[in-house]
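Student: Just one file: upload.cif, with mmCIF, N, CA and C atoms.
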```cif
data_structure
loop_
_atom_site.label_atom_id
_atom_site.label_comp_id
_atom_site.auth_asym_id
_atom_site.auth_seq_id
_atom_site.Cartn_x
_atom_site.Cartn_y
_atom_site.Cartn_z
N MET O 1 -10.40 -1.80 26.03
CA MET O 1 -11.66 -1.72 25.30
C MET O 1 -12.60 -2.78 25.83
N SER O 2 -13.83 -2.39 26.04
CA SER O 2 -14.78 -3.34 26.61
C SER O 2 -15.67 -3.98 25.55
N ALA O 3 -16.36 -3.20 24.77
CA ALA O 3 -17.29 -3.75 23.79
C ALA O 3 -16.58 -4.09 22.49
N SER O 4 -17.18 -5.01 21.76
CA SER O 4 -16.65 -5.43 20.47
C SER O 4 -17.77 -5.45 19.45
N ILE O 5 -17.47 -4.96 18.26
CA ILE O 5 -18.43 -4.92 17.16
C ILE O 5 -17.87 -5.73 16.00
N LEU O 6 -18.72 -6.56 15.40
CA LEU O 6 -18.36 -7.30 14.21
C LEU O 6 -18.83 -6.54 12.98
N ILE O 7 -17.92 -6.27 12.06
CA ILE O 7 -18.26 -5.69 10.76
C ILE O 7 -18.25 -6.87 9.79
N LEU O 8 -19.41 -7.23 9.28
CA LEU O 8 -19.54 -8.42 8.44
C LEU O 8 -19.93 -8.00 7.02
N ASN O 9 -19.07 -8.33 6.07
CA ASN O 9 -19.28 -7.96 4.68
C ASN O 9 -19.51 -9.20 3.83
N GLY O 10 -20.48 -9.11 2.94
CA GLY O 10 -20.87 -10.24 2.11
C GLY O 10 -20.25 -10.26 0.73
N PRO O 11 -20.94 -10.91 -0.20
CA PRO O 11 -20.38 -11.21 -1.51
C PRO O 11 -20.00 -9.98 -2.32
N ASN O 12 -18.88 -10.12 -3.00
CA ASN O 12 -18.33 -9.15 -3.94
C ASN O 12 -17.73 -7.91 -3.29
N LEU O 13 -17.86 -7.78 -1.98
CA LEU O 13 -17.28 -6.60 -1.33
C LEU O 13 -15.76 -6.67 -1.29
N ASN O 14 -15.20 -7.85 -1.49
CA ASN O 14 -13.75 -7.97 -1.61
C ASN O 14 -13.24 -7.28 -2.87
N LEU O 15 -14.12 -6.96 -3.80
CA LEU O 15 -13.74 -6.30 -5.06
C LEU O 15 -13.89 -4.79 -5.00
N LEU O 16 -14.22 -4.25 -3.84
CA LEU O 16 -14.38 -2.80 -3.73
C LEU O 16 -13.12 -2.09 -4.20
N GLY O 17 -13.32 -0.95 -4.83
CA GLY O 17 -12.22 -0.17 -5.37
C GLY O 17 -12.08 -0.37 -6.87
N THR O 18 -12.47 -1.57 -7.33
CA THR O 18 -12.39 -1.85 -8.76
C THR O 18 -13.75 -2.24 -9.35
N ARG O 19 -14.65 -2.73 -8.53
CA ARG O 19 -15.98 -3.16 -9.00
C ARG O 19 -16.91 -1.97 -9.08
N GLN O 20 -17.39 -1.66 -10.27
CA GLN O 20 -18.35 -0.58 -10.50
C GLN O 20 -18.06 0.65 -9.63
N PRO O 21 -16.92 1.29 -9.82
CA PRO O 21 -16.59 2.43 -8.97
C PRO O 21 -17.61 3.58 -9.06
N GLU O 22 -18.34 3.64 -10.17
CA GLU O 22 -19.37 4.68 -10.30
C GLU O 22 -20.52 4.44 -9.33
N VAL O 23 -20.69 3.21 -8.87
CA VAL O 23 -21.74 2.87 -7.90
C VAL O 23 -21.16 2.77 -6.50
N TYR O 24 -20.01 2.07 -6.35
CA TYR O 24 -19.49 1.72 -5.04
C TYR O 24 -18.26 2.53 -4.62
N GLY O 25 -17.75 3.41 -5.48
CA GLY O 25 -16.61 4.23 -5.13
C GLY O 25 -15.29 3.52 -5.39
N THR O 26 -14.21 4.19 -5.03
CA THR O 26 -12.87 3.66 -5.28
C THR O 26 -12.17 3.21 -4.01
N THR O 27 -12.84 3.34 -2.88
CA THR O 27 -12.26 2.89 -1.61
C THR O 27 -12.26 1.37 -1.58
N THR O 28 -11.14 0.78 -1.17
CA THR O 28 -11.04 -0.68 -1.11
C THR O 28 -11.61 -1.20 0.21
N LEU O 29 -11.88 -2.50 0.25
CA LEU O 29 -12.35 -3.11 1.48
C LEU O 29 -11.30 -2.98 2.58
N LYS O 30 -10.03 -3.13 2.23
CA LYS O 30 -8.95 -2.96 3.22
C LYS O 30 -8.98 -1.55 3.80
N ASP O 31 -9.18 -0.55 2.94
CA ASP O 31 -9.29 0.84 3.43
C ASP O 31 -10.45 0.96 4.43
N ILE O 32 -11.58 0.36 4.09
CA ILE O 32 -12.76 0.43 4.96
C ILE O 32 -12.48 -0.29 6.28
N GLU O 33 -11.87 -1.46 6.22
CA GLU O 33 -11.57 -2.21 7.44
C GLU O 33 -10.61 -1.43 8.34
N ASP O 34 -9.58 -0.83 7.75
CA ASP O 34 -8.64 -0.02 8.53
C ASP O 34 -9.34 1.16 9.19
N MET O 35 -10.22 1.82 8.42
CA MET O 35 -10.97 2.96 8.94
C MET O 35 -11.89 2.53 10.08
N CYS O 36 -12.56 1.38 9.93
CA CYS O 36 -13.47 0.88 10.97
C CYS O 36 -12.71 0.57 12.25
N GLU O 37 -11.57 -0.09 12.13
CA GLU O 37 -10.78 -0.44 13.31
C GLU O 37 -10.29 0.83 14.03
N ALA O 38 -9.81 1.81 13.27
CA ALA O 38 -9.33 3.05 13.87
C ALA O 38 -10.48 3.83 14.51
N HIS O 39 -11.62 3.89 13.83
CA HIS O 39 -12.75 4.63 14.38
C HIS O 39 -13.27 3.96 15.64
N GLY O 40 -13.35 2.64 15.61
CA GLY O 40 -13.77 1.92 16.81
C GLY O 40 -12.84 2.19 17.98
N ALA O 41 -11.54 2.13 17.72
CA ALA O 41 -10.55 2.39 18.78
C ALA O 41 -10.73 3.79 19.35
N SER O 42 -11.04 4.77 18.48
CA SER O 42 -11.22 6.14 18.95
C SER O 42 -12.44 6.27 19.85
N LEU O 43 -13.37 5.32 19.72
CA LEU O 43 -14.59 5.33 20.55
C LEU O 43 -14.49 4.35 21.72
N GLY O 44 -13.37 3.64 21.82
CA GLY O 44 -13.18 2.71 22.92
C GLY O 44 -13.80 1.34 22.71
N VAL O 45 -14.07 0.97 21.45
CA VAL O 45 -14.59 -0.37 21.15
C VAL O 45 -13.66 -1.07 20.18
N SER O 46 -13.59 -2.38 20.30
CA SER O 46 -12.80 -3.13 19.32
C SER O 46 -13.70 -3.50 18.15
N VAL O 47 -13.09 -3.57 16.98
CA VAL O 47 -13.82 -3.88 15.76
C VAL O 47 -13.12 -5.06 15.09
N THR O 48 -13.90 -6.06 14.74
CA THR O 48 -13.42 -7.22 14.00
C THR O 48 -14.11 -7.21 12.65
N CYS O 49 -13.33 -7.34 11.58
CA CYS O 49 -13.88 -7.32 10.23
C CYS O 49 -13.78 -8.70 9.59
N VAL O 50 -14.88 -9.15 9.00
CA VAL O 50 -14.95 -10.43 8.31
C VAL O 50 -15.66 -10.21 6.98
N GLN O 51 -15.15 -10.84 5.92
CA GLN O 51 -15.81 -10.80 4.62
C GLN O 51 -15.85 -12.21 4.06
N SER O 52 -16.99 -12.57 3.45
CA SER O 52 -17.10 -13.84 2.76
C SER O 52 -18.06 -13.70 1.59
N ASN O 53 -17.76 -14.45 0.55
CA ASN O 53 -18.66 -14.54 -0.60
C ASN O 53 -19.66 -15.68 -0.44
N HIS O 54 -19.60 -16.40 0.69
CA HIS O 54 -20.39 -17.60 0.89
C HIS O 54 -21.44 -17.40 1.98
N GLU O 55 -22.67 -17.66 1.64
CA GLU O 55 -23.79 -17.44 2.56
C GLU O 55 -23.60 -18.21 3.86
N GLY O 56 -23.22 -19.46 3.79
CA GLY O 56 -23.05 -20.28 5.00
C GLY O 56 -21.97 -19.73 5.91
N ALA O 57 -20.90 -19.21 5.35
CA ALA O 57 -19.83 -18.62 6.17
C ALA O 57 -20.33 -17.37 6.89
N LEU O 58 -21.20 -16.61 6.23
CA LEU O 58 -21.79 -15.43 6.88
C LEU O 58 -22.71 -15.86 8.02
N VAL O 59 -23.50 -16.90 7.79
CA VAL O 59 -24.36 -17.44 8.86
C VAL O 59 -23.50 -17.90 10.03
N ASP O 60 -22.40 -18.62 9.73
CA ASP O 60 -21.50 -19.08 10.79
C ASP O 60 -20.92 -17.91 11.58
N ALA O 61 -20.55 -16.83 10.88
CA ALA O 61 -19.98 -15.65 11.56
C ALA O 61 -21.02 -15.00 12.46
N ILE O 62 -22.27 -14.95 12.03
CA ILE O 62 -23.34 -14.40 12.87
C ILE O 62 -23.52 -15.27 14.10
N HIS O 63 -23.55 -16.57 13.94
CA HIS O 63 -23.69 -17.48 15.08
C HIS O 63 -22.53 -17.29 16.06
N ALA O 64 -21.31 -17.21 15.53
CA ALA O 64 -20.11 -17.09 16.37
C ALA O 64 -20.05 -15.75 17.10
N ALA O 65 -20.79 -14.76 16.61
CA ALA O 65 -20.77 -13.43 17.24
C ALA O 65 -21.45 -13.43 18.61
N LYS O 66 -22.40 -14.33 18.81
CA LYS O 66 -23.12 -14.38 20.09
C LYS O 66 -22.13 -14.71 21.21
N GLY O 67 -22.09 -13.89 22.22
CA GLY O 67 -21.18 -14.08 23.34
C GLY O 67 -19.80 -13.52 23.10
N THR O 68 -19.53 -13.05 21.88
CA THR O 68 -18.22 -12.49 21.53
C THR O 68 -18.31 -11.00 21.23
N HIS O 69 -19.35 -10.61 20.50
CA HIS O 69 -19.52 -9.22 20.09
C HIS O 69 -20.81 -8.65 20.67
N ALA O 70 -20.81 -7.34 20.87
CA ALA O 70 -22.00 -6.66 21.40
C ALA O 70 -23.00 -6.32 20.30
N GLY O 71 -22.54 -6.34 19.04
CA GLY O 71 -23.41 -6.00 17.92
C GLY O 71 -22.72 -6.28 16.61
N ILE O 72 -23.51 -6.25 15.54
CA ILE O 72 -23.02 -6.55 14.19
C ILE O 72 -23.44 -5.44 13.24
N VAL O 73 -22.49 -4.99 12.43
CA VAL O 73 -22.78 -4.13 11.29
C VAL O 73 -22.68 -5.04 10.08
N LEU O 74 -23.77 -5.20 9.34
CA LEU O 74 -23.84 -6.17 8.25
C LEU O 74 -24.10 -5.50 6.91
N ASN O 75 -23.14 -5.65 6.01
CA ASN O 75 -23.36 -5.33 4.60
C ASN O 75 -23.44 -6.68 3.90
N ALA O 76 -24.64 -7.18 3.74
CA ALA O 76 -24.86 -8.52 3.19
C ALA O 76 -24.81 -8.53 1.67
N GLY O 77 -24.57 -7.37 1.05
CA GLY O 77 -24.54 -7.33 -0.41
C GLY O 77 -25.84 -7.88 -0.98
N ALA O 78 -25.72 -8.64 -2.05
CA ALA O 78 -26.90 -9.17 -2.73
C ALA O 78 -27.71 -10.13 -1.86
N TYR O 79 -27.07 -10.74 -0.85
CA TYR O 79 -27.82 -11.63 0.04
C TYR O 79 -28.90 -10.88 0.82
N THR O 80 -28.79 -9.57 0.92
CA THR O 80 -29.82 -8.76 1.56
C THR O 80 -31.19 -9.07 0.96
N HIS O 81 -31.21 -9.26 -0.35
CA HIS O 81 -32.46 -9.37 -1.10
C HIS O 81 -32.90 -10.81 -1.31
N THR O 82 -32.12 -11.77 -0.81
CA THR O 82 -32.42 -13.18 -1.11
C THR O 82 -32.34 -14.12 0.08
N SER O 83 -31.66 -13.73 1.15
CA SER O 83 -31.29 -14.72 2.16
C SER O 83 -32.18 -14.74 3.40
N ILE O 84 -33.08 -15.69 3.40
CA ILE O 84 -33.86 -15.96 4.60
C ILE O 84 -32.95 -16.58 5.66
N ALA O 85 -31.92 -17.30 5.23
CA ALA O 85 -30.97 -17.90 6.17
C ALA O 85 -30.27 -16.84 7.01
N LEU O 86 -29.84 -15.74 6.40
CA LEU O 86 -29.20 -14.65 7.17
C LEU O 86 -30.21 -14.01 8.12
N MET O 87 -31.43 -13.81 7.64
CA MET O 87 -32.47 -13.23 8.50
C MET O 87 -32.70 -14.12 9.72
N ASP O 88 -32.81 -15.42 9.50
CA ASP O 88 -33.04 -16.35 10.60
C ASP O 88 -31.86 -16.39 11.56
N ALA O 89 -30.64 -16.33 11.02
CA ALA O 89 -29.44 -16.33 11.88
C ALA O 89 -29.44 -15.10 12.78
N ILE O 90 -29.76 -13.94 12.22
CA ILE O 90 -29.80 -12.70 13.01
C ILE O 90 -30.85 -12.81 14.11
N ALA O 91 -32.02 -13.29 13.75
CA ALA O 91 -33.09 -13.43 14.76
C ALA O 91 -32.68 -14.42 15.85
N SER O 92 -31.91 -15.43 15.49
CA SER O 92 -31.52 -16.48 16.44
C SER O 92 -30.51 -16.02 17.47
N VAL O 93 -29.57 -15.15 17.08
CA VAL O 93 -28.51 -14.77 18.02
C VAL O 93 -28.91 -13.63 18.95
N GLU O 94 -29.98 -12.94 18.64
CA GLU O 94 -30.49 -11.87 19.49
C GLU O 94 -29.44 -10.81 19.80
N LEU O 95 -28.68 -10.42 18.77
CA LEU O 95 -27.73 -9.31 18.87
C LEU O 95 -28.26 -8.16 18.03
N PRO O 96 -27.97 -6.92 18.42
CA PRO O 96 -28.36 -5.81 17.56
C PRO O 96 -27.56 -5.84 16.27
N VAL O 97 -28.26 -5.66 15.16
CA VAL O 97 -27.64 -5.64 13.84
C VAL O 97 -28.06 -4.38 13.12
N ILE O 98 -27.09 -3.72 12.50
CA ILE O 98 -27.36 -2.57 11.64
C ILE O 98 -27.09 -3.01 10.21
N GLU O 99 -28.09 -2.88 9.36
CA GLU O 99 -27.95 -3.19 7.94
C GLU O 99 -27.29 -2.01 7.25
N LEU O 100 -26.29 -2.30 6.43
CA LEU O 100 -25.51 -1.25 5.79
C LEU O 100 -25.34 -1.53 4.31
N HIS O 101 -25.42 -0.47 3.50
CA HIS O 101 -25.15 -0.55 2.06
C HIS O 101 -24.41 0.70 1.63
N LEU O 102 -23.44 0.53 0.76
CA LEU O 102 -22.68 1.67 0.24
C LEU O 102 -23.56 2.55 -0.65
N SER O 103 -24.36 1.91 -1.50
CA SER O 103 -25.24 2.65 -2.41
C SER O 103 -26.64 2.76 -1.79
N ASN O 104 -27.44 3.63 -2.36
CA ASN O 104 -28.82 3.77 -1.91
C ASN O 104 -29.65 2.71 -2.61
N ILE O 105 -29.89 1.61 -1.92
CA ILE O 105 -30.60 0.48 -2.54
C ILE O 105 -32.01 0.85 -2.96
N HIS O 106 -32.58 1.88 -2.36
CA HIS O 106 -33.95 2.28 -2.69
C HIS O 106 -34.02 3.11 -3.96
N ALA O 107 -32.87 3.57 -4.45
CA ALA O 107 -32.82 4.35 -5.69
C ALA O 107 -32.30 3.50 -6.85
N ARG O 108 -32.15 2.22 -6.61
CA ARG O 108 -31.61 1.31 -7.63
C ARG O 108 -32.70 0.39 -8.17
N GLU O 109 -32.32 -0.72 -8.75
CA GLU O 109 -33.28 -1.64 -9.35
C GLU O 109 -34.32 -2.08 -8.32
N LYS O 110 -35.53 -2.34 -8.82
CA LYS O 110 -36.65 -2.66 -7.93
C LYS O 110 -36.35 -3.86 -7.02
N PHE O 111 -35.65 -4.88 -7.53
CA PHE O 111 -35.38 -6.06 -6.69
C PHE O 111 -34.53 -5.72 -5.48
N ARG O 112 -33.77 -4.62 -5.54
CA ARG O 112 -32.93 -4.22 -4.41
C ARG O 112 -33.73 -3.49 -3.33
N HIS O 113 -34.97 -3.18 -3.60
CA HIS O 113 -35.80 -2.47 -2.61
C HIS O 113 -36.27 -3.39 -1.50
N THR O 114 -36.25 -4.70 -1.72
CA THR O 114 -36.67 -5.66 -0.70
C THR O 114 -35.47 -6.12 0.11
N SER O 115 -35.59 -6.05 1.42
CA SER O 115 -34.53 -6.50 2.31
C SER O 115 -35.08 -7.53 3.28
N TYR O 116 -34.43 -8.70 3.31
CA TYR O 116 -34.77 -9.71 4.31
C TYR O 116 -34.06 -9.41 5.64
N ILE O 117 -33.10 -8.49 5.62
CA ILE O 117 -32.35 -8.13 6.82
C ILE O 117 -33.11 -7.09 7.63
N ALA O 118 -33.74 -6.14 6.97
CA ALA O 118 -34.39 -5.01 7.64
C ALA O 118 -35.36 -5.42 8.75
N PRO O 119 -36.19 -6.46 8.57
CA PRO O 119 -37.13 -6.80 9.64
C PRO O 119 -36.48 -7.26 10.95
N VAL O 120 -35.22 -7.67 10.90
CA VAL O 120 -34.54 -8.14 12.10
C VAL O 120 -33.38 -7.23 12.50
N ALA O 121 -33.25 -6.09 11.83
CA ALA O 121 -32.19 -5.12 12.13
C ALA O 121 -32.76 -3.99 12.98
N ILE O 122 -31.88 -3.33 13.73
CA ILE O 122 -32.33 -2.17 14.52
C ILE O 122 -32.40 -0.93 13.65
N GLY O 123 -31.75 -0.96 12.48
CA GLY O 123 -31.79 0.16 11.56
C GLY O 123 -31.03 -0.15 10.30
N GLN O 124 -31.16 0.78 9.34
CA GLN O 124 -30.53 0.61 8.03
C GLN O 124 -29.85 1.92 7.63
N ILE O 125 -28.62 1.79 7.14
CA ILE O 125 -27.87 2.94 6.62
C ILE O 125 -27.50 2.62 5.19
N CYS O 126 -27.87 3.49 4.25
CA CYS O 126 -27.52 3.24 2.86
C CYS O 126 -27.32 4.55 2.12
N GLY O 127 -26.45 4.48 1.11
CA GLY O 127 -26.27 5.61 0.21
C GLY O 127 -25.15 6.56 0.55
N PHE O 128 -24.39 6.31 1.61
CA PHE O 128 -23.34 7.24 2.03
C PHE O 128 -21.94 6.73 1.73
N GLY O 129 -21.83 5.69 0.91
CA GLY O 129 -20.52 5.15 0.58
C GLY O 129 -19.82 4.63 1.82
N SER O 130 -18.50 4.72 1.82
CA SER O 130 -17.73 4.17 2.95
C SER O 130 -18.00 4.92 4.26
N LEU O 131 -18.46 6.17 4.18
CA LEU O 131 -18.82 6.92 5.39
C LEU O 131 -19.90 6.19 6.18
N GLY O 132 -20.72 5.40 5.50
CA GLY O 132 -21.78 4.65 6.17
C GLY O 132 -21.26 3.73 7.26
N TYR O 133 -20.04 3.21 7.08
CA TYR O 133 -19.46 2.33 8.10
C TYR O 133 -19.20 3.10 9.39
N ARG O 134 -18.66 4.30 9.28
CA ARG O 134 -18.44 5.13 10.47
C ARG O 134 -19.78 5.46 11.13
N MET O 135 -20.76 5.79 10.31
CA MET O 135 -22.09 6.10 10.83
C MET O 135 -22.67 4.90 11.57
N ALA O 136 -22.48 3.70 11.01
CA ALA O 136 -23.01 2.49 11.64
C ALA O 136 -22.29 2.18 12.95
N ILE O 137 -20.98 2.38 12.98
CA ILE O 137 -20.25 2.16 14.23
C ILE O 137 -20.72 3.14 15.29
N ASP O 138 -20.88 4.41 14.91
CA ASP O 138 -21.38 5.42 15.86
C ASP O 138 -22.75 5.02 16.39
N ALA O 139 -23.63 4.59 15.48
CA ALA O 139 -25.00 4.20 15.88
C ALA O 139 -24.97 2.98 16.80
N MET O 140 -24.11 2.02 16.48
CA MET O 140 -24.03 0.81 17.31
C MET O 140 -23.48 1.14 18.70
N VAL O 141 -22.44 1.96 18.76
CA VAL O 141 -21.88 2.36 20.06
C VAL O 141 -22.95 3.06 20.88
N HIS O 142 -23.72 3.93 20.26
CA HIS O 142 -24.80 4.61 20.96
C HIS O 142 -25.84 3.59 21.43
N HIS O 143 -26.17 2.63 20.60
CA HIS O 143 -27.21 1.65 20.93
C HIS O 143 -26.78 0.73 22.08
N ILE O 144 -25.53 0.28 22.05
CA ILE O 144 -25.10 -0.66 23.09
C ILE O 144 -24.69 0.05 24.38
N GLY O 145 -24.56 1.39 24.28
CA GLY O 145 -24.29 2.21 25.45
C GLY O 145 -22.97 1.95 26.06
#
```
In structure tokens, how does this file's structure come out?

Tutor:
Amino acid sequence: MSASILILNGPNLNLLGTRQPEVYGTTTLKDIEDMCEAHGASLGVSVTCVQSNHEGALVDAIHAAKGTHAGIVLNAGAYTHTSIALMDAIASVELPVIELHLSNIHAREKFRHTSYIAPVAIGQICGFGSLGYRMAIDAMVHHIG
């Protein structure tokens, strides 16, 4: 495998499967990570999955991705709507980033309609549940060629 993609998950995503299943589904984060690794392998790319509830750890993971990964799929969770630090980190590493959300953030509370990630991302996928991760990997593989 030549290219590598970082799947970076933010706060509360470690609770997938039990947290608000009516919004986020019953698939666990482990299920999603296993699916991402298998899907990446089927496309000839390696996938590394990282999750943290801490903003600084997510910033560190974005910084560490430069020179290691060809792109990042980022589900920043609630930090999407609050974190200028994540936006600045993405802009600093100059890697393609796809913003991802399990739910359709545009159909939810008004505060979720604002994304600090979108201006520095190559695209946004939301509302497709765990399928969105496969879609994001496909899009990233296409983007990095």

Student: The PyMOL selection byres (((chain O and resi 10-27 and name CA) around 9) and name CA) - which residues does that actually catch in the file I just gave you? List them as a PDB file with N, CA and C atoms, in the coordinates of the input.

Tutor:
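What ended up in part.pdb:
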```
ATOM      1  N   LEU O   8     -19.410  -7.230   9.280  1.00  0.00           N
ATOM      2  CA  LEU O   8     -19.540  -8.420   8.440  1.00  0.00           C
ATOM      3  C   LEU O   8     -19.930  -8.000   7.020  1.00  0.00           C
ATOM      4  N   ASN O   9     -19.070  -8.330   6.070  1.00  0.00           N
ATOM      5  CA  ASN O   9     -19.280  -7.960   4.680  1.00  0.00           C
ATOM      6  C   ASN O   9     -19.510  -9.200   3.830  1.00  0.00           C
ATOM      7  N   THR O  28     -11.140   0.780  -1.170  1.00  0.00           N
ATOM      8  CA  THR O  28     -11.040  -0.680  -1.110  1.00  0.00           C
ATOM      9  C   THR O  28     -11.610  -1.200   0.210  1.00  0.00           C
ATOM     10  N   LEU O  29     -11.880  -2.500   0.250  1.00  0.00           N
ATOM     11  CA  LEU O  29     -12.350  -3.110   1.480  1.00  0.00           C
ATOM     12  C   LEU O  29     -11.300  -2.980   2.580  1.00  0.00           C
ATOM     13  N   LYS O  30     -10.030  -3.130   2.230  1.00  0.00           N
ATOM     14  CA  LYS O  30      -8.950  -2.960   3.220  1.00  0.00           C
ATOM     15  C   LYS O  30      -8.980  -1.550   3.800  1.00  0.00           C
ATOM     16  N   ASP O  31      -9.180  -0.550   2.940  1.00  0.00           N
ATOM     17  CA  ASP O  31      -9.290   0.840   3.430  1.00  0.00           C
ATOM     18  C   ASP O  31     -10.450   0.960   4.430  1.00  0.00           C
ATOM     19  N   ILE O  32     -11.580   0.360   4.090  1.00  0.00           N
ATOM     20  CA  ILE O  32     -12.760   0.430   4.960  1.00  0.00           C
ATOM     21  C   ILE O  32     -12.480  -0.290   6.280  1.00  0.00           C
ATOM     22  N   VAL O  50     -14.880  -9.150   9.000  1.00  0.00           N
ATOM     23  CA  VAL O  50     -14.950 -10.430   8.310  1.00  0.00           C
ATOM     24  C   VAL O  50     -15.660 -10.210   6.980  1.00  0.00           C
ATOM     25  N   GLN O  51     -15.150 -10.840   5.920  1.00  0.00           N
ATOM     26  CA  GLN O  51     -15.810 -10.800   4.620  1.00  0.00           C
ATOM     27  C   GLN O  51     -15.850 -12.210   4.060  1.00  0.00           C
ATOM     28  N   SER O  52     -16.990 -12.570   3.450  1.00  0.00           N
ATOM     29  CA  SER O  52     -17.100 -13.840   2.760  1.00  0.00           C
ATOM     30  C   SER O  52     -18.060 -13.700   1.590  1.00  0.00           C
ATOM     31  N   ASN O  53     -17.760 -14.450   0.550  1.00  0.00           N
ATOM     32  CA  ASN O  53     -18.660 -14.540  -0.600  1.00  0.00           C
ATOM     33  C   ASN O  53     -19.660 -15.680  -0.440  1.00  0.00           C
ATOM     34  N   HIS O  54     -19.600 -16.400   0.690  1.00  0.00           N
ATOM     35  CA  HIS O  54     -20.390 -17.600   0.890  1.00  0.00           C
ATOM     36  C   HIS O  54     -21.440 -17.400   1.980  1.00  0.00           C
ATOM     37  N   GLU O  55     -22.670 -17.660   1.640  1.00  0.00           N
ATOM     38  CA  GLU O  55     -23.790 -17.440   2.560  1.00  0.00           C
ATOM     39  C   GLU O  55     -23.600 -18.210   3.860  1.00  0.00           C
ATOM     40  N   LEU O  58     -21.200 -16.610   6.230  1.00  0.00           N
ATOM     41  CA  LEU O  58     -21.790 -15.430   6.880  1.00  0.00           C
ATOM     42  C   LEU O  58     -22.710 -15.860   8.020  1.00  0.00           C
ATOM     43  N   LEU O  74     -23.770  -5.200   9.340  1.00  0.00           N
ATOM     44  CA  LEU O  74     -23.840  -6.170   8.250  1.00  0.00           C
ATOM     45  C   LEU O  74     -24.100  -5.500   6.910  1.00  0.00           C
ATOM     46  N   ASN O  75     -23.140  -5.650   6.010  1.00  0.00           N
ATOM     47  CA  ASN O  75     -23.360  -5.330   4.600  1.00  0.00           C
ATOM     48  C   ASN O  75     -23.440  -6.680   3.900  1.00  0.00           C
ATOM     49  N   ALA O  76     -24.640  -7.180   3.740  1.00  0.00           N
ATOM     50  CA  ALA O  76     -24.860  -8.520   3.190  1.00  0.00           C
ATOM     51  C   ALA O  76     -24.810  -8.530   1.670  1.00  0.00           C
ATOM     52  N   GLY O  77     -24.570  -7.370   1.050  1.00  0.00           N
ATOM     53  CA  GLY O  77     -24.540  -7.330  -0.410  1.00  0.00           C
ATOM     54  C   GLY O  77     -25.840  -7.880  -0.980  1.00  0.00           C
ATOM     55  N   ALA O  78     -25.720  -8.640  -2.050  1.00  0.00           N
ATOM     56  CA  ALA O  78     -26.900  -9.170  -2.730  1.00  0.00           C
ATOM     57  C   ALA O  78     -27.710 -10.130  -1.860  1.00  0.00           C
ATOM     58  N   TYR O  79     -27.070 -10.740  -0.850  1.00  0.00           N
ATOM     59  CA  TYR O  79     -27.820 -11.630   0.040  1.00  0.00           C
ATOM     60  C   TYR O  79     -28.900 -10.880   0.820  1.00  0.00           C
ATOM     61  N   LEU O 102     -23.440   0.530   0.760  1.00  0.00           N
ATOM     62  CA  LEU O 102     -22.680   1.670   0.240  1.00  0.00           C
ATOM     63  C   LEU O 102     -23.560   2.550  -0.650  1.00  0.00           C
ATOM     64  N   SER O 103     -24.360   1.910  -1.500  1.00  0.00           N
ATOM     65  CA  SER O 103     -25.240   2.650  -2.410  1.00  0.00           C
ATOM     66  C   SER O 103     -26.640   2.760  -1.790  1.00  0.00           C
ATOM     67  N   GLY O 129     -21.830   5.690   0.910  1.00  0.00           N
ATOM     68  CA  GLY O 129     -20.520   5.150   0.580  1.00  0.00           C
ATOM     69  C   GLY O 129     -19.820   4.630   1.820  1.00  0.00           C
ATOM     70  N   SER O 130     -18.500   4.720   1.820  1.00  0.00           N
ATOM     71  CA  SER O 130     -17.730   4.170   2.950  1.00  0.00           C
ATOM     72  C   SER O 130     -18.000   4.920   4.260  1.00  0.00           C
TER      73      SER O 130
END
```

Student: One decimal, Å: what's the distance from atom C of Ala41 (chain O) over to atom N of Phe128 (chain O), could you say?

Tutor: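 Separating atom C of Ala41 (chain O) from atom N of Phe128 (chain O) is a distance of 22.5 Å.
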
Student: Which residues are near Ala118 (chain O)? Cut-off 9 Å, only C-alpha atoms, ignore same chain within fewer than 6 positions. Put them as a list in words.

Tutor: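 Using only C-alpha atoms, the neighbours found are Thr80, Met87, Ile98, Glu99 and Gln124 of chain O.
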
Student: Next, dump the selected residues to file, keeping only N, CA and C atoms, as a CSV table (one decimal), keeping the file's coordinate frame.

Tutor:
```
chain,number,residue,atom,x,y,z
O,80,THR,N,-28.8,-9.6,0.9
O,80,THR,CA,-29.8,-8.8,1.6
O,80,THR,C,-31.2,-9.1,1.0
O,87,MET,N,-31.4,-13.8,7.6
O,87,MET,CA,-32.5,-13.2,8.5
O,87,MET,C,-32.7,-14.1,9.7
O,98,ILE,N,-27.1,-3.7,12.5
O,98,ILE,CA,-27.4,-2.6,11.6
O,98,ILE,C,-27.1,-3.0,10.2
O,99,GLU,N,-28.1,-2.9,9.4
O,99,GLU,CA,-28.0,-3.2,7.9
O,99,GLU,C,-27.3,-2.0,7.2
O,124,GLN,N,-31.2,0.8,9.3
O,124,GLN,CA,-30.5,0.6,8.0
O,124,GLN,C,-29.8,1.9,7.6
```

Student: Looking only at alpha helix (DSSP H) from DSSP on the backbone, list the matching residues of chain O as a PyMOL selection string.

Tutor: chain O and resi 21-24+29-43+55-65+84-93+131-144

Student: Step by step, work through what the PyMOL selection byres (((chain O and resi 48 and name CA) around 9) and name CA) selects in the shown file, and finish by giving those residues as a list in words.

Tutor: Ser4, Ile5, Leu6, Ile7, Leu8, Glu33, Cys36, Glu37, Ser46, Val47, Cys49, Val50 and His69 of chain O

Student: Which polymer residues have any atom within 7 Å of an atom of region 104-112 of chain O, counting only N, CA and C atoms, with same-chain residues fewer than 3 positions away left out, as a PyMOL selection string?

Tutor: chain O and resi 81+101+115+126-129

Student: Leaving out region 88-93 of chain O and any residue of its chain fewer than 5 positions from it, which residues lie within 7 Å of it when counting all atoms listed in the file, given as number ranges by chain?

Tutor: O: 59, 62-63, 66, 83, 120

Student: Closest to Ile84 (chain O) among O:Ala64, O:Val45, O:Ile117, O:Ile144, using only N, CA and C atoms?

Tutor: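 Answer, going by the shortest atom-to-atom distance: O:Ile117.
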
Student: Can you list, as a VMD selection string, every protein, DNA or RNA residue that comes within 9 Å of Gly44 (chain O) when you count only C-alpha atoms, leaving out same-chain residues fewer than 2 positions away?

Tutor: chain O and resid 1 to 3 39 to 42 46
